[in-house]
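Structure below is coords-v2.pdb: PDB, C-alpha atoms.
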ATOM      1  CA  MET A 427       0.000   0.000   0.000
ATOM      2  CA  THR A 428       2.741   2.467   0.934
ATOM      3  CA  GLY A 429       4.700   1.580  -2.197
ATOM      4  CA  LEU A 430       1.633   2.291  -4.347
ATOM      5  CA  ILE A 431       1.124   5.715  -2.782
ATOM      6  CA  VAL A 432       4.796   6.638  -3.128
ATOM      7  CA  ARG A 433       4.938   5.567  -6.788
ATOM      8  CA  ARG A 434       1.812   7.517  -7.661
ATOM      9  CA  LEU A 435       3.011  10.637  -5.868
ATOM     10  CA  LEU A 436       6.315  10.442  -7.752
ATOM     11  CA  GLN A 437       4.415  10.148 -11.022
ATOM     12  CA  LEU A 438       2.206  13.152 -10.216
ATOM     13  CA  PRO A 439       4.628  15.963 -11.204
ATOM     14  CA  VAL A 440       5.523  14.200 -14.453
ATOM     15  CA  ILE A 441       1.868  13.782 -15.455
ATOM     16  CA  VAL A 442       1.020  17.365 -14.478
ATOM     17  CA  LEU A 443       4.014  18.639 -16.496
ATOM     18  CA  VAL A 444       2.789  16.802 -19.603
ATOM     19  CA  ILE A 445      -0.733  18.198 -19.133
ATOM     20  CA  TYR A 446       0.697  21.678 -18.560
ATOM     21  CA  THR A 447       2.772  21.521 -21.746
ATOM     22  CA  ILE A 448      -0.073  20.282 -23.950
ATOM     23  CA  THR A 449      -2.606  22.736 -22.538
ATOM     24  CA  LEU A 450      -0.329  25.760 -22.805
ATOM     25  CA  THR A 451       0.598  24.839 -26.377
ATOM     26  CA  LEU A 452      -3.059  24.651 -27.391
ATOM     27  CA  ALA A 453      -4.036  27.819 -25.493
ATOM     28  CA  TRP A 454      -1.093  29.745 -26.956
ATOM     29  CA  ALA A 455      -2.132  28.728 -30.487
ATOM     30  CA  VAL A 456      -5.614  30.228 -30.054
ATOM     31  CA  PRO A 457      -5.763  33.494 -32.038
ATOM     32  CA  GLY A 458      -6.362  36.751 -30.218
ATOM     33  CA  ASN A 459      -4.622  39.075 -27.822
ATOM     34  CA  PRO A 460      -5.667  38.655 -24.175
ATOM     35  CA  LEU A 461      -4.666  42.247 -23.400
ATOM     36  CA  GLU A 462      -7.101  43.752 -25.910
ATOM     37  CA  ASN A 463     -10.837  43.601 -25.267
ATOM     38  CA  PRO A 464     -12.893  44.718 -28.294
ATOM     39  CA  GLU A 465     -15.911  45.420 -26.065
ATOM     40  CA  GLY A 466     -14.044  47.277 -23.340
ATOM     41  CA  ARG A 467     -11.168  49.644 -22.763
ATOM     42  CA  GLN A 468      -8.608  49.764 -25.580
ATOM     43  CA  PRO A 469      -5.096  50.328 -24.147
ATOM     44  CA  PRO A 470      -2.544  52.110 -26.341
ATOM     45  CA  PRO A 471      -0.172  49.904 -28.362
ATOM     46  CA  GLN A 472       2.778  50.987 -26.206
ATOM     47  CA  VAL A 473       0.985  49.823 -23.053
ATOM     48  CA  VAL A 474       0.060  46.514 -24.677
ATOM     49  CA  GLU A 475       3.668  45.941 -25.734
ATOM     50  CA  GLN A 476       4.966  46.762 -22.250
ATOM     51  CA  MET A 477       2.452  44.403 -20.610
ATOM     52  CA  GLN A 478       3.374  41.649 -23.023
ATOM     53  CA  ARG A 479       7.013  41.952 -21.982
ATOM     54  CA  GLN A 480       6.066  42.176 -18.303
ATOM     55  CA  TYR A 481       3.983  38.978 -18.411
ATOM     56  CA  ASN A 482       6.193  37.198 -21.010
ATOM     57  CA  LEU A 483       3.255  37.009 -23.411
ATOM     58  CA  ASP A 484       5.544  37.771 -26.342
ATOM     59  CA  SER A 485       7.584  34.581 -25.969
ATOM     60  CA  PHE A 486       6.265  31.053 -25.504
ATOM     61  CA  PRO A 487       9.507  29.654 -23.996
ATOM     62  CA  ARG A 488       9.795  32.497 -21.455
ATOM     63  CA  PHE A 489       6.155  32.224 -20.433
ATOM     64  CA  PHE A 490       6.474  28.438 -20.198
ATOM     65  CA  THR A 491       9.441  28.554 -17.833
ATOM     66  CA  SER A 492       8.454  31.630 -15.794
ATOM     67  CA  TYR A 493       4.928  30.446 -15.126
ATOM     68  CA  LEU A 494       6.137  26.954 -14.280
ATOM     69  CA  ARG A 495       8.631  28.393 -11.788
ATOM     70  CA  SER A 496       6.030  30.512 -10.004
ATOM     71  CA  ALA A 497       3.187  27.964 -10.111
ATOM     72  CA  THR A 498       5.286  25.135  -8.660
ATOM     73  CA  GLY A 499       6.745  27.278  -5.864
ATOM     74  CA  LEU A 500      10.279  27.023  -7.243
ATOM     75  CA  GLU A 501      10.582  30.795  -7.640
ATOM     76  CA  TRP A 502       9.425  31.350  -4.047
ATOM     77  CA  VAL A 503      12.043  28.873  -2.792
ATOM     78  CA  LEU A 504      14.839  30.445  -4.860
ATOM     79  CA  ASP A 505      13.933  33.957  -3.701
ATOM     80  CA  THR A 506      13.902  32.787  -0.097
ATOM     81  CA  LEU A 507      17.270  31.085  -0.372
ATOM     82  CA  SER A 508      18.825  34.076  -2.135
ATOM     83  CA  GLY A 509      17.478  36.535   0.430
ATOM     84  CA  GLN A 510      15.340  38.377  -2.108
ATOM     85  CA  ARG A 511      12.172  38.067  -0.042
ATOM     86  CA  ALA A 512      13.955  39.353   3.071
ATOM     87  CA  SER A 513      15.315  42.378   1.193
ATOM     88  CA  ASP A 514      11.860  43.142  -0.242
ATOM     89  CA  ALA A 515      10.382  43.038   3.258
ATOM     90  CA  ALA A 516      13.121  45.303   4.623
ATOM     91  CA  ARG A 517      12.629  47.767   1.769
ATOM     92  CA  ALA A 518       8.881  47.835   2.488
ATOM     93  CA  VAL A 519       9.546  48.593   6.164
ATOM     94  CA  GLU A 520      11.867  51.476   5.227
ATOM     95  CA  THR A 521       9.265  53.031   2.941
ATOM     96  CA  GLY A 522       6.460  52.469   5.448
ATOM     97  CA  SER A 523       4.470  50.204   3.153
ATOM     98  CA  SER A 524       3.294  46.655   3.627
ATOM     99  CA  PRO A 525       5.625  43.886   2.468
ATOM    100  CA  PRO A 526       4.510  42.281  -0.795
ATOM    101  CA  ALA A 527       2.322  39.242  -0.195
ATOM    102  CA  ARG A 528       3.558  36.481  -2.464
ATOM    103  CA  PRO A 529       1.998  33.033  -2.187
ATOM    104  CA  ILE A 530       4.214  29.996  -2.414
ATOM    105  CA  PHE A 531       2.335  28.680  -5.428
ATOM    106  CA  ASP A 532       1.752  31.828  -7.458
ATOM    107  CA  LEU A 533      -0.624  31.202 -10.388
ATOM    108  CA  GLY A 534      -0.186  34.724 -11.702
ATOM    109  CA  PRO A 535      -2.521  37.677 -12.332
ATOM    110  CA  SER A 536      -5.763  37.397 -14.235
ATOM    111  CA  LEU A 537      -5.700  39.220 -17.560
ATOM    112  CA  GLN A 538      -9.491  39.381 -17.631
ATOM    113  CA  TYR A 539     -10.432  40.362 -14.075
ATOM    114  CA  GLU A 540      -8.591  43.562 -13.221
ATOM    115  CA  ASP A 541      -6.826  43.670  -9.827
ATOM    116  CA  TRP A 542      -7.543  39.977  -9.231
ATOM    117  CA  SER A 543      -4.973  37.213  -9.080
ATOM    118  CA  VAL A 544      -5.689  33.651 -10.188
ATOM    119  CA  ASN A 545      -5.041  32.481  -6.614
ATOM    120  CA  GLU A 546      -7.792  34.788  -5.341
ATOM    121  CA  ILE A 547     -10.256  33.701  -8.040
ATOM    122  CA  ILE A 548      -9.647  30.009  -7.363
ATOM    123  CA  ALA A 549      -9.772  30.500  -3.591
ATOM    124  CA  GLY A 550     -13.172  32.151  -3.931
ATOM    125  CA  SER A 551     -14.757  29.867  -6.542
ATOM    126  CA  LEU A 552     -13.219  26.425  -5.948
ATOM    127  CA  PRO A 553     -15.004  25.856  -2.577
ATOM    128  CA  VAL A 554     -18.326  26.513  -4.319
ATOM    129  CA  SER A 555     -17.591  23.976  -7.061
ATOM    130  CA  VAL A 556     -16.230  21.443  -4.569
ATOM    131  CA  THR A 557     -19.321  21.756  -2.347
ATOM    132  CA  LEU A 558     -21.664  21.361  -5.299
ATOM    133  CA  GLY A 559     -19.668  18.447  -6.719
ATOM    134  CA  ALA A 560     -19.450  16.645  -3.377
ATOM    135  CA  ALA A 561     -23.210  16.956  -2.857
ATOM    136  CA  ALA A 562     -23.863  15.678  -6.391
ATOM    137  CA  ILE A 563     -21.525  12.682  -6.029
ATOM    138  CA  LEU A 564     -22.954  11.751  -2.620
ATOM    139  CA  LEU A 565     -26.481  11.896  -4.034
ATOM    140  CA  ALA A 566     -25.429   9.921  -7.111
ATOM    141  CA  VAL A 567     -23.866   7.140  -5.035
ATOM    142  CA  VAL A 568     -26.898   6.783  -2.755
ATOM    143  CA  VAL A 569     -29.452   6.821  -5.573
ATOM    144  CA  GLY A 570     -27.354   4.824  -8.036
ATOM    145  CA  VAL A 571     -26.394   2.026  -5.642
ATOM    146  CA  PHE A 572     -29.969   1.706  -4.345
ATOM    147  CA  ALA A 573     -31.391   1.575  -7.871
ATOM    148  CA  GLY A 574     -28.738  -0.922  -9.002
ATOM    149  CA  VAL A 575     -29.374  -3.261  -6.057
ATOM    150  CA  VAL A 576     -33.136  -3.139  -6.604
ATOM    151  CA  GLY A 577     -32.696  -3.903 -10.286
ATOM    152  CA  ALA A 578     -30.337  -6.816  -9.610
ATOM    153  CA  VAL A 579     -32.506  -8.407  -6.917
ATOM    154  CA  LYS A 580     -35.618  -8.276  -9.122
ATOM    155  CA  PRO A 581     -34.394  -8.239 -12.740
ATOM    156  CA  ASN A 582     -36.948  -7.359 -15.435
ATOM    157  CA  SER A 583     -39.445  -6.331 -12.774
ATOM    158  CA  PRO A 584     -41.340  -3.016 -13.039
ATOM    159  CA  ALA A 585     -38.914  -1.478 -10.512
ATOM    160  CA  ASP A 586     -35.932  -2.685 -12.573
ATOM    161  CA  LEU A 587     -37.393  -1.374 -15.830
ATOM    162  CA  ALA A 588     -38.182   1.964 -14.178
ATOM    163  CA  THR A 589     -34.623   2.374 -12.914
ATOM    164  CA  LEU A 590     -33.224   1.458 -16.339
ATOM    165  CA  ALA A 591     -35.497   4.023 -17.971
ATOM    166  CA  VAL A 592     -34.407   6.737 -15.531
ATOM    167  CA  ALA A 593     -30.765   5.752 -16.086
ATOM    168  CA  LEU A 594     -31.244   6.014 -19.854
ATOM    169  CA  VAL A 595     -32.743   9.485 -19.476
ATOM    170  CA  GLY A 596     -29.950  10.572 -17.135
ATOM    171  CA  ILE A 597     -27.256   9.434 -19.554
ATOM    172  CA  SER A 598     -28.910  10.706 -22.741
ATOM    173  CA  LEU A 599     -30.147  14.162 -21.780
ATOM    174  CA  PRO A 600     -27.594  16.996 -21.502
ATOM    175  CA  SER A 601     -27.235  18.707 -18.148
ATOM    176  CA  PHE A 602     -28.568  22.035 -19.406
ATOM    177  CA  VAL A 603     -31.802  20.342 -20.529
ATOM    178  CA  ILE A 604     -32.270  18.591 -17.173
ATOM    179  CA  GLY A 605     -31.464  21.796 -15.302
ATOM    180  CA  THR A 606     -33.876  23.868 -17.374
ATOM    181  CA  VAL A 607     -36.698  21.374 -16.842
ATOM    182  CA  LEU A 608     -36.089  21.279 -13.092
ATOM    183  CA  LEU A 609     -36.060  25.081 -12.982
ATOM    184  CA  LEU A 610     -39.368  25.301 -14.840
ATOM    185  CA  LEU A 611     -40.989  22.675 -12.618
ATOM    186  CA  PHE A 612     -39.668  23.459  -9.136
ATOM    187  CA  ALA A 613     -38.717  27.137  -9.365
ATOM    188  CA  VAL A 614     -41.333  28.631 -11.713
ATOM    189  CA  LEU A 615     -44.447  26.424 -11.829
ATOM    190  CA  ILE A 616     -44.028  25.118  -8.273
ATOM    191  CA  PRO A 617     -41.829  27.741  -6.553
ATOM    192  CA  VAL A 618     -40.247  25.449  -3.986
ATOM    193  CA  PHE A 619     -36.615  26.352  -4.706
ATOM    194  CA  PRO A 620     -34.956  29.601  -5.853
ATOM    195  CA  VAL A 621     -34.304  30.171  -9.543
ATOM    196  CA  GLY A 622     -30.551  30.525  -9.110
ATOM    197  CA  GLY A 623     -27.725  31.912  -7.058
ATOM    198  CA  TRP A 624     -25.715  30.425  -4.230
ATOM    199  CA  GLY A 625     -26.127  30.509  -0.472
ATOM    200  CA  GLY A 626     -27.832  27.925   1.685
ATOM    201  CA  VAL A 627     -29.083  24.373   1.230
ATOM    202  CA  ARG A 628     -32.154  25.365  -0.834
ATOM    203  CA  THR A 629     -30.008  26.890  -3.573
ATOM    204  CA  MET A 630     -27.959  23.685  -3.749
ATOM    205  CA  VAL A 631     -30.780  21.174  -4.267
ATOM    206  CA  LEU A 632     -31.650  21.692  -7.933
ATOM    207  CA  PRO A 633     -28.066  22.074  -9.243
ATOM    208  CA  ALA A 634     -26.915  19.071  -7.186
ATOM    209  CA  VAL A 635     -29.740  16.925  -8.575
ATOM    210  CA  THR A 636     -28.989  18.112 -12.117
ATOM    211  CA  LEU A 637     -25.289  17.375 -11.801
ATOM    212  CA  SER A 638     -25.838  14.019 -10.097
ATOM    213  CA  LEU A 639     -28.256  12.426 -12.589
ATOM    214  CA  PRO A 640     -25.689  11.295 -15.217
ATOM    215  CA  PHE A 641     -23.383   9.925 -12.508
ATOM    216  CA  ALA A 642     -26.292   8.195 -10.728
ATOM    217  CA  ALA A 643     -27.309   6.597 -14.016
ATOM    218  CA  TYR A 644     -23.842   5.143 -14.642
ATOM    219  CA  ILE A 645     -23.517   3.995 -11.020
ATOM    220  CA  ALA A 646     -26.923   2.289 -11.196
ATOM    221  CA  ARG A 647     -25.928   0.376 -14.343
ATOM    222  CA  LEU A 648     -22.535  -0.623 -12.942
ATOM    223  CA  THR A 649     -24.055  -1.706  -9.625
ATOM    224  CA  ARG A 650     -26.797  -3.690 -11.331
ATOM    225  CA  MET A 651     -24.381  -5.606 -13.563
ATOM    226  CA  GLY A 652     -21.957  -6.197 -10.686
ATOM    227  CA  MET A 653     -24.710  -7.383  -8.349
ATOM    228  CA  ILE A 654     -26.155  -9.786 -10.947
ATOM    229  CA  ASP A 655     -22.707 -11.353 -11.395
ATOM    230  CA  ALA A 656     -22.080 -11.482  -7.634
ATOM    231  CA  LEU A 657     -25.445 -13.050  -6.822
ATOM    232  CA  GLY A 658     -24.589 -15.983  -9.085
ATOM    233  CA  THR A 659     -21.246 -16.794  -7.448
ATOM    234  CA  ASP A 660     -20.524 -19.736  -5.167
ATOM    235  CA  TYR A 661     -19.761 -17.707  -2.054
ATOM    236  CA  VAL A 662     -23.188 -16.017  -2.192
ATOM    237  CA  ARG A 663     -24.923 -19.381  -2.589
ATOM    238  CA  THR A 664     -22.884 -20.693   0.338
ATOM    239  CA  ALA A 665     -23.863 -17.716   2.485
ATOM    240  CA  ARG A 666     -27.532 -18.316   1.697
ATOM    241  CA  ALA A 667     -27.141 -22.040   2.423
ATOM    242  CA  LYS A 668     -25.822 -21.159   5.888
ATOM    243  CA  GLY A 669     -29.098 -19.394   6.583
ATOM    244  CA  LEU A 670     -27.786 -15.834   6.640
ATOM    245  CA  ASP A 671     -30.274 -13.014   6.430
ATOM    246  CA  GLU A 672     -30.900 -11.915   2.823
ATOM    247  CA  THR A 673     -30.084  -8.288   3.622
ATOM    248  CA  ARG A 674     -26.737  -9.315   5.085
ATOM    249  CA  VAL A 675     -26.004 -11.495   2.044
ATOM    250  CA  LEU A 676     -26.741  -8.605  -0.300
ATOM    251  CA  LEU A 677     -24.887  -5.858   1.549
ATOM    252  CA  LYS A 678     -21.924  -7.700   3.075
ATOM    253  CA  HIS A 679     -21.156 -10.414   0.533
ATOM    254  CA  ALA A 680     -22.524  -9.354  -2.853
ATOM    255  CA  LEU A 681     -22.373  -5.563  -2.788
ATOM    256  CA  LYS A 682     -18.782  -5.466  -1.520
ATOM    257  CA  ASN A 683     -17.431  -6.995  -4.736
ATOM    258  CA  ALA A 684     -20.080  -5.458  -6.978
ATOM    259  CA  PHE A 685     -19.009  -2.003  -5.785
ATOM    260  CA  LEU A 686     -15.481  -2.311  -7.233
ATOM    261  CA  PRO A 687     -16.447  -1.077 -10.754
ATOM    262  CA  VAL A 688     -18.275   1.825  -9.122
ATOM    263  CA  LEU A 689     -15.103   2.723  -7.216
ATOM    264  CA  SER A 690     -13.040   2.986 -10.394
ATOM    265  CA  PHE A 691     -15.747   5.207 -11.907
ATOM    266  CA  LEU A 692     -15.891   7.498  -8.865
ATOM    267  CA  GLY A 693     -12.285   8.735  -9.216
ATOM    268  CA  PRO A 694     -12.591  10.742 -12.449
ATOM    269  CA  ALA A 695     -16.316  11.343 -11.846
ATOM    270  CA  THR A 696     -15.655  13.110  -8.540
ATOM    271  CA  ALA A 697     -12.913  15.267 -10.021
ATOM    272  CA  TYR A 698     -15.146  16.198 -12.952
ATOM    273  CA  ALA A 699     -18.131  16.956 -10.716
ATOM    274  CA  MET A 700     -16.056  19.242  -8.510
ATOM    275  CA  THR A 701     -14.270  21.204 -11.223
ATOM    276  CA  GLY A 702     -16.085  20.624 -14.505
ATOM    277  CA  SER A 703     -19.655  21.575 -13.704
ATOM    278  CA  PHE A 704     -19.551  24.778 -15.778
ATOM    279  CA  VAL A 705     -22.805  23.977 -17.647
ATOM    280  CA  VAL A 706     -24.750  23.535 -14.406
ATOM    281  CA  GLU A 707     -23.118  26.643 -12.956
ATOM    282  CA  ARG A 708     -24.216  28.619 -16.006
ATOM    283  CA  VAL A 709     -27.807  27.389 -15.837
ATOM    284  CA  PHE A 710     -28.209  28.118 -12.123
ATOM    285  CA  ASN A 711     -25.943  31.197 -12.028
ATOM    286  CA  ILE A 712     -23.552  29.680  -9.501
ATOM    287  CA  PRO A 713     -20.231  31.535  -8.940
ATOM    288  CA  GLY A 714     -18.094  28.422  -9.265
ATOM    289  CA  LEU A 715     -14.818  27.669 -10.982
ATOM    290  CA  GLY A 716     -16.484  26.416 -14.159
ATOM    291  CA  GLN A 717     -17.832  29.818 -15.176
ATOM    292  CA  HIS A 718     -14.428  31.435 -14.688
ATOM    293  CA  PHE A 719     -12.780  28.753 -16.812
ATOM    294  CA  VAL A 720     -15.247  29.274 -19.677
ATOM    295  CA  ASN A 721     -14.714  33.040 -19.562
ATOM    296  CA  ALA A 722     -10.943  32.525 -19.442
ATOM    297  CA  VAL A 723     -11.004  30.391 -22.596
ATOM    298  CA  GLN A 724     -13.200  32.911 -24.414
ATOM    299  CA  ASN A 725     -10.873  35.787 -23.471
ATOM    300  CA  LYS A 726      -7.600  33.813 -23.738
ATOM    301  CA  ASP A 727      -6.713  34.539 -20.124
ATOM    302  CA  LEU A 728      -3.645  32.285 -20.106
ATOM    303  CA  PHE A 729      -2.919  32.638 -16.396
ATOM    304  CA  LEU A 730      -6.447  31.654 -15.379
ATOM    305  CA  ILE A 731      -6.629  28.843 -17.949
ATOM    306  CA  MET A 732      -3.400  27.281 -16.751
ATOM    307  CA  GLY A 733      -4.263  27.772 -13.081
ATOM    308  CA  VAL A 734      -7.599  25.985 -13.433
ATOM    309  CA  VAL A 735      -6.062  23.191 -15.523
ATOM    310  CA  LEU A 736      -3.288  22.615 -12.982
ATOM    311  CA  ILE A 737      -5.812  22.456 -10.140
ATOM    312  CA  PHE A 738      -8.098  20.129 -12.078
ATOM    313  CA  SER A 739      -5.343  17.758 -13.211
ATOM    314  CA  THR A 740      -3.875  17.532  -9.706
ATOM    315  CA  MET A 741      -7.301  16.770  -8.236
ATOM    316  CA  LEU A 742      -7.947  14.129 -10.894
ATOM    317  CA  ILE A 743      -4.674  12.333 -10.152
ATOM    318  CA  LEU A 744      -5.224  12.463  -6.386
ATOM    319  CA  PHE A 745      -8.786  11.159  -6.684
ATOM    320  CA  ASN A 746      -7.599   8.270  -8.838
ATOM    321  CA  LEU A 747      -4.948   7.523  -6.213
ATOM    322  CA  ALA A 748      -7.639   7.512  -3.526
ATOM    323  CA  VAL A 749      -9.651   5.050  -5.623
ATOM    324  CA  ASP A 750      -6.653   2.717  -5.938
ATOM    325  CA  VAL A 751      -6.130   2.829  -2.166
ATOM    326  CA  LEU A 752      -9.808   2.064  -1.581
ATOM    327  CA  TYR A 753      -9.508  -0.818  -4.034
ATOM    328  CA  ARG A 754      -6.810  -2.399  -1.894
ATOM    329  CA  TRP A 755      -8.834  -1.765   1.258
ATOM    330  CA  VAL A 756     -12.003  -3.333  -0.134
ATOM    331  CA  ASP A 757     -10.218  -6.311  -1.673
ATOM    332  CA  PRO A 758      -6.658  -6.909  -0.365
ATOM    333  CA  ARG A 759      -6.142  -9.576  -3.053
ATOM    334  CA  ILE A 760      -5.750  -6.845  -5.675
ATOM    335  CA  GLU A 761      -2.075  -6.277  -6.399
ATOM    336  CA  SER A 762      -0.616  -2.786  -6.439
TER     337      SER A 762
END
Mind turning this structure into structure tokens?
Amino acid sequence: MTGLIVRRLLQLPVIVLVIYTITLTLAWAVPGNPLENPEGRQPPPQVVEQMQRQYNLDSFPRFFTSYLRSATGLEWVLDTLSGQRASDAARAVETGSSPPARPIFDLGPSLQYEDWSVNEIIAGSLPVSVTLGAAAILLAVVVGVFAGVVGAVKPNSPADLATLAVALVGISLPSFVIGTVLLLLFAVLIPVFPVGGWGGVRTMVLPAVTLSLPFAAYIARLTRMGMIDALGTDYVRTARAKGLDETRVLLKHALKNAFLPVLSFLGPATAYAMTGSFVVERVFNIPGLGQHFVNAVQNKDLFLIMGVVLIFSTMLILFNLAVDVLYRWVDPRIES
């Protein structure tokens, strides 16, 4: 177990570096100048040129290395070892100003949101996306596992056919369609929940249900197939022959092994739900990370694009690592 965790943690920076390189190459190739907004203030060409040099936007190699140094904390470490941070603090004391606040992992300034850094944007929006994603995944697991067990215990029954139909709808319909229908039903026709916004449990219900339906559908199908296979194995027949309670047979013996495919699905699904719910955030006007990422792509805000991608890729790798650890905990026979 320890060897698995160590190997995966050693692989993490290599994988993130590959993702960083590919993403920056694609984002850099997108036409447009992030410093010029056709619908807003038009800075003079001299100012644009100076800002390009300041942020290394005129050279792909310089931007690649400088951003990588600041985002990984290497620049903070080098400045600390060289005494640069101490001299900056002393200079600030002499002038009577506050010492410059530099985070260890500096994701740079946002080119779209004036006077906002990428660290500040992510710190304000990531908790919203994580809360919404966690609620959606928790709801998806509860509903999906329950529906899958019911369908496996009574295959081809009306309950099984109903769960399969709901799963088909959840997989087929886009999130913006499901969200719009739920808004019309439970916020307009039957005003039980607010139309949008964020703040409190009531504002979380509709977006969490919308985001959870596709995941619940996949979990229900995986659980159903896994339970049908498990219920036909020898150890389940032996448990029933010993006179064990049917509920104990289902939950302790069958579901434990049937849940393994669901575990492998939950790793990327959880990371996506927590950082990739931009469609749901748009529909319900939720100030999460997804909306900022969409706006960053549209405006070629390289700093914000790369910051969100680095956060998302790191979360995805860590969630997959957590799934592998849970795999070994559920079934120790699985080799690392």
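Matched in the shown structure by the PyMOL selection byres ((chain A and resi 528-535) around 8): A:Tyr493, A:Ser496, A:Ala497, A:Thr498, A:Gly499, A:Trp502, A:Val503, A:Pro526, A:Ala527, A:Ser536, A:Leu537, A:Asp541, A:Trp542, A:Ser543, A:Val544, A:Asn545, A:Phe729, A:Leu730, A:Met732, A:Gly733.
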Problem set entry | Neighbour list for Leu435 (chain A) as a list of chain:residue names, cut-off 12 Å, only C-alpha atoms, skip fewer than 6 positions in-chain | A:Thr428, A:Gly429, A:Ile441, A:Val442, A:Thr740, A:Ile743, A:Leu744, A:Phe745, A:Asn746, A:Leu747, A:Ala748
For this session: Just the residues within 7 Å of Ala634 (chain A), please, counting only C-alpha atoms, with nothing from its chain fewer than 5 positions along; format it as a list in words.
Result: Leu558, Ala561 and Ala562 of chain A
Once 3 Å is added on each side, what are the centre and the three edge lengths, in Å to one decimal, of the axis-aligned box enclosing the listed atoms of region 719-734 of chain A? Present them as JSON.
{"center_x": -9.1, "center_y": 30.9, "center_z": -18.7, "size_x": 18.3, "size_y": 15.8, "size_z": 17.3}
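Minimum distance to Met700 (chain A) across A:Ser555, A:Ser739, A:Ser583, A:Asn725 (counting only C-alpha atoms) occurs at A:Ser555.
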Exercise. Applied to the shown file, which residues does the PyMOL selection byres ((chain A and resi 573-579) around 8) return, written as a ChimeraX atom specification?
Worked result: /A:569-572,580-583,585-587,589,645-651,653-654
Exercise. Counting all atoms listed in the file, what is within 10 Å of Phe710 (chain A), bar same-chain residues fewer than 4 positions away, as a ChimeraX atom specification?
Worked result: /A:602,605-606,609,620-624,629-630,632-633,704-706
Convert the current residue selection to file output with C-alpha atoms, as a PDB file, keeping the file's coordinate frame.
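What landed in out.pdb:
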ATOM      1  CA  PHE A 602     -28.568  22.035 -19.406  1.00  0.00           C
ATOM      2  CA  GLY A 605     -31.464  21.796 -15.302  1.00  0.00           C
ATOM      3  CA  THR A 606     -33.876  23.868 -17.374  1.00  0.00           C
ATOM      4  CA  LEU A 609     -36.060  25.081 -12.982  1.00  0.00           C
ATOM      5  CA  PRO A 620     -34.956  29.601  -5.853  1.00  0.00           C
ATOM      6  CA  VAL A 621     -34.304  30.171  -9.543  1.00  0.00           C
ATOM      7  CA  GLY A 622     -30.551  30.525  -9.110  1.00  0.00           C
ATOM      8  CA  GLY A 623     -27.725  31.912  -7.058  1.00  0.00           C
ATOM      9  CA  TRP A 624     -25.715  30.425  -4.230  1.00  0.00           C
ATOM     10  CA  THR A 629     -30.008  26.890  -3.573  1.00  0.00           C
ATOM     11  CA  MET A 630     -27.959  23.685  -3.749  1.00  0.00           C
ATOM     12  CA  LEU A 632     -31.650  21.692  -7.933  1.00  0.00           C
ATOM     13  CA  PRO A 633     -28.066  22.074  -9.243  1.00  0.00           C
ATOM     14  CA  PHE A 704     -19.551  24.778 -15.778  1.00  0.00           C
ATOM     15  CA  VAL A 705     -22.805  23.977 -17.647  1.00  0.00           C
ATOM     16  CA  VAL A 706     -24.750  23.535 -14.406  1.00  0.00           C
TER      17      VAL A 706
END
For this session: Quick one: pull the distance between CA of Leu461 (chain A) and CA of Asp505 (chain A), Å, one decimal.
Result: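 CA of Asp505 (chain A) lies at a distance of 28.3 Å from CA of Leu461 (chain A).
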Seminar exercise, completed: Min atom-atom distance to Phe489 (chain A) from the set A:Leu728, A:Leu565, A:Leu692, A:Ala643, counting only C-alpha atoms, belongs to A:Leu728
Exercise. Any idea what's packed within 9 Å of Leu676 (chain A), counting all atoms listed in the file, ignoring anything in its chain fewer than 3 positions away? Could you give it as a ChimeraX atom specification?
Worked result: /A:575,579,653,657,662,671-673,679-682
Problem set entry | Counting all atoms listed in the file, the option among A:Val734, A:Ala665, A:Val603, A:Leu494 closest to Leu715 (chain A) |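 Closest to Leu715 (chain A) of all the choices is A:Val734.
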For this session: Work out how far apart CA of Leu430 (chain A) and CA of Ser690 (chain A) are and give it in Å to one decimal.
Result: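 Straight-line distance from CA of Leu430 (chain A) to CA of Ser690 (chain A) works out to 15.9 Å.
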Exercise. CA of Ala642 (chain A) and CA of Leu599 (chain A), how far apart in Å?
Worked result: 13.1 Å
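Closest approach to Arg434 (chain A) among A:Gly716, A:Gln476, A:Ser638, A:Val751 is made by A:Val751 (distances from all atoms listed in the file).
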For this session: Go through A:Lys668, A:Arg628, A:Lys726, A:Arg433 and flag the residue nearest Asp750 (chain A), using all atoms listed in the file for the distances.
Result: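 Closest to Asp750 (chain A) of all the choices is A:Arg433.
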Exercise. Between A:Phe685, A:Ile616, A:Val720, A:Met741, which has the minimum distance to Tyr753 (chain A) (counting only C-alpha atoms)?
Worked result: A:Phe685
